[in-house]
Every structure is written in structure tokens, then in C-alpha cells.
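run-v7.cif (mmCIF, C-alpha atoms) appears below.
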data_my_file
#
loop_
_atom_site.label_atom_id
_atom_site.label_comp_id
_atom_site.auth_asym_id
_atom_site.auth_seq_id
_atom_site.Cartn_x
_atom_site.Cartn_y
_atom_site.Cartn_z
CA MET J 4 7.29 13.63 -16.26
CA ASP J 5 9.84 11.09 -14.98
CA ARG J 6 9.94 12.83 -11.58
CA TRP J 7 6.38 11.71 -10.97
CA GLN J 8 6.80 8.03 -11.90
CA TYR J 9 6.93 6.70 -8.35
CA LEU J 10 3.76 8.59 -7.39
CA PHE J 11 2.01 7.56 -10.62
CA VAL J 12 2.73 3.89 -9.91
CA LEU J 13 1.38 4.25 -6.37
CA GLY J 14 -1.69 6.03 -7.71
CA ALA J 15 -2.23 3.28 -10.27
CA CYS J 16 -2.05 0.67 -7.50
CA LEU J 17 -4.76 2.52 -5.58
CA ILE J 18 -6.96 2.96 -8.66
CA ILE J 19 -6.63 -0.68 -9.71
CA THR J 20 -7.45 -2.07 -6.26
CA ALA J 21 -10.12 0.49 -5.27
CA PRO J 22 -12.99 -1.48 -6.89
CA LEU J 23 -12.13 -4.42 -4.62
CA GLU J 24 -13.69 -2.43 -1.78
CA ILE J 25 -17.16 -3.53 -2.92
CA PHE J 26 -16.37 -7.26 -2.57
CA GLY J 27 -14.94 -7.39 0.93
CA GLU J 28 -15.85 -6.02 4.33
CA GLY J 29 -14.51 -2.64 3.35
CA VAL J 30 -10.96 -1.61 4.07
CA TYR J 31 -11.69 2.07 3.48
CA ARG J 32 -14.99 1.82 5.35
CA GLN J 33 -13.02 0.63 8.37
CA ALA J 34 -10.35 3.33 8.27
CA ARG J 35 -9.39 3.05 11.94
CA ARG J 36 -8.88 -0.70 11.64
CA ALA J 37 -6.82 -0.23 8.47
CA ALA J 38 -4.71 2.42 10.19
CA TYR J 39 -4.03 0.06 13.12
CA ALA J 40 -2.89 -2.56 10.63
CA VAL J 41 -0.79 -0.35 8.35
CA LEU J 42 0.72 2.49 10.37
CA PRO J 43 2.79 0.57 12.96
CA VAL J 44 4.42 -1.52 10.25
CA ALA J 45 4.93 1.56 8.07
CA ALA J 46 6.63 3.31 10.99
CA VAL J 47 9.09 0.43 11.40
CA PHE J 48 9.99 0.39 7.71
CA ILE J 49 10.27 4.18 7.55
CA LEU J 50 12.69 4.03 10.47
CA TRP J 51 14.56 1.24 8.68
CA ASP J 52 14.81 3.41 5.54
CA LEU J 53 15.97 6.42 7.55
CA VAL J 54 18.80 4.36 9.04
CA ALA J 55 19.74 3.00 5.61
CA ILE J 56 19.72 6.49 4.11
CA ALA J 57 21.79 7.93 6.97
CA THR J 58 24.42 5.19 6.58
CA ASP J 59 24.51 5.50 2.76
CA VAL J 60 23.25 1.94 2.31
CA TRP J 61 20.11 3.10 0.51
CA SER J 62 19.42 5.93 -1.90
CA TYR J 63 16.83 7.02 -4.43
CA ASN J 64 17.28 8.03 -8.03
CA ALA J 65 16.43 11.74 -8.06
CA HIS J 66 15.31 11.39 -11.67
CA TYR J 67 12.20 9.41 -10.61
CA ILE J 68 11.06 11.20 -7.46
CA THR J 69 9.56 14.65 -6.93
CA GLY J 70 12.36 15.88 -4.70
CA LEU J 71 10.11 16.38 -1.68
CA HIS J 72 11.84 14.85 1.33
CA LEU J 73 10.90 14.50 4.96
CA PRO J 74 13.42 15.07 7.72
CA GLY J 75 16.17 12.49 7.47
CA GLY J 76 16.16 12.60 3.69
CA ILE J 77 13.38 10.08 3.04
CA PRO J 78 11.41 10.90 -0.11
CA ILE J 79 7.69 11.50 0.34
CA GLU J 80 7.08 8.77 -2.23
CA GLU J 81 8.74 6.19 -0.01
CA VAL J 82 6.53 7.11 2.91
CA ALA J 83 3.49 6.85 0.63
CA PHE J 84 4.73 3.44 -0.54
CA PHE J 85 4.62 2.07 3.01
CA VAL J 86 0.97 3.14 3.30
CA VAL J 87 -0.34 2.53 -0.23
CA ILE J 88 1.02 -0.96 -0.89
CA PRO J 89 -0.22 -2.47 2.39
CA LEU J 90 -3.64 -0.87 1.78
CA CYS J 91 -3.72 -2.46 -1.67
CA GLY J 92 -2.76 -5.76 -0.09
CA LEU J 93 -5.52 -5.45 2.51
CA LEU J 94 -8.06 -4.64 -0.21
CA THR J 95 -6.98 -7.66 -2.23
CA TYR J 96 -6.99 -9.99 0.78
CA SER J 97 -10.38 -8.77 1.95
CA ALA J 98 -11.95 -9.15 -1.51
CA VAL J 99 -10.48 -12.60 -2.18
CA SER J 100 -11.51 -13.81 1.29
CA ALA J 101 -15.06 -12.55 0.82
CA ILE J 102 -15.36 -14.11 -2.63
CA LEU J 103 -14.01 -17.45 -1.41
CA ASP J 104 -16.40 -17.37 1.56
CA ARG J 105 -19.33 -16.84 -0.82
CA VAL J 106 -18.16 -19.70 -3.06
CA ARG J 107 -17.81 -22.02 -0.04
CA ALA J 108 -21.25 -20.99 1.24
CA ARG J 109 -22.83 -21.82 -2.12
CA ARG J 110 -21.18 -25.24 -2.11
CA VAL J 111 -22.54 -25.99 1.37
CA VAL J 112 -26.07 -24.92 0.36
CA ARG J 113 -25.99 -27.09 -2.80
CA SER J 114 -24.76 -30.21 -0.99
#
I'd like the structure from this file rewritten - as C-alpha cells, please.
Amino acid sequence: MDRWQYLFVLGACLIITAPLEIFGEGVYRQARRAAYAVLPVAAVFILWDLVAIATDVWSYNAHYITGLHLPGGIPIEEVAFFVVIPLCGLLTYSAVSAILDRVRARRVVRS
């Protein structure tokens, strides 16, 4: 069970933030836009991790990961992290922005 902890946490992040999709403009409904926002940054950090792994600066506790690695020794969970967490951030930002816009609009109408 411990081997799956990293993936479970990432899954929980997705599950917790998924309902935010209904409040904002739709991060998942604009998949291409989300990919343009997330993937270039993810690529930079994956490269960063690969360099850190290759130089023994960075490692992962094998007890908490599945053991599936991409070339260069980066765990699949770490790659997922660089996609999942920014998506969760985009969902949160989009929902909070939309809610604040609605609150501001109501204040303008009432004044």
C-alpha cells in the first residue's frame, strides 16, 4: 500500500479540485489551453529533476513510489506531479477568479 502513496495523493488532489471546474471558465473544457500552460513548465522541471537525479543530488524513497521509472530514472509519479499540481492550481485560480468576478458584479449592480 505504501508504494502507491504518491499516486494516491495526486489522485486526491485531482478529486478535491475537480468540482471547481463548474465555477470557472473550465480548465478541463479548454484542454489545449491548459496543455499550453502546463506542459512547457512541466518539461523544464522534469529536465531539472533528470539532471538532479543523474548527479545524485535528488532521489526518491522507493518505499513510497510504484517503481515505474522513465528513462533517466525519474519516477512516473514525479512526472505526474508536474502535470497534476499545476492543473489543480489552474482549477483553483479559475474558480476563485470567477467567484470574485461574480461578487464584484453583484456589488456594482447593487450600488
Find, counting only C-alpha atoms, the residue in J:Val112, J:Val106, J:Leu90, J:Ala98 that gets nearest to Ala37 (chain J). J:Leu90
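Within the file as shown, the PyMOL selection byres ((chain J and resi 99) around 12) identifies Thr20, Leu23, Glu24, Ile25, Phe26, Gly27, Glu28, Gly92, Leu93, Leu94, Thr95, Tyr96, Ser97, Ala98, Ser100, Ala101, Ile102, Leu103, Asp104, Arg105 and Val106 of chain J.
You can rank J:Val111, J:Ile68, J:Ile79, J:Ala57 by their closest distance to Asp5 (chain J) using all atoms listed in the file, and at the top of that list sits J:Ile68.
Selection by the PyMOL selection byres ((chain J and resi 73) around 12) on the present file picks out Ile49, Leu50, Asp52, Leu53, Ile56, Thr69, Gly70, Leu71, His72, Pro74, Gly75, Gly76, Ile77, Pro78, Ile79, Glu80, Glu81, Val82 and Ala83 of chain J.
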Using all atoms listed in the file, find the one residue out of J:Ala46, J:Ile88, J:Ala65, J:Ala55 that sits nearest to Leu13 (chain J).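 For Leu13 (chain J), the nearest of the candidates is J:Ile88.
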Evaluate the PyMOL selection byres ((chain J and resi 7) around 9) and report residues as a PyMOL selection string: chain J and resi 4-6+8-12+66-69
In terms of the shortest atom-to-atom distance over all atoms listed in the file, which of J:Ala38, J:Val47, J:Val54, J:Arg110 is closest to Pro89 (chain J)? J:Ala38
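Distances to Gly14 (chain J) were evaluated for J:Arg107, J:Val60, J:Arg113, J:Val86 using only C-alpha atoms, and the minimum falls at J:Val86.
In this model, the gap between CA of Ile19 (chain J) and CA of Cys91 (chain J) comes to 8.7 Å.
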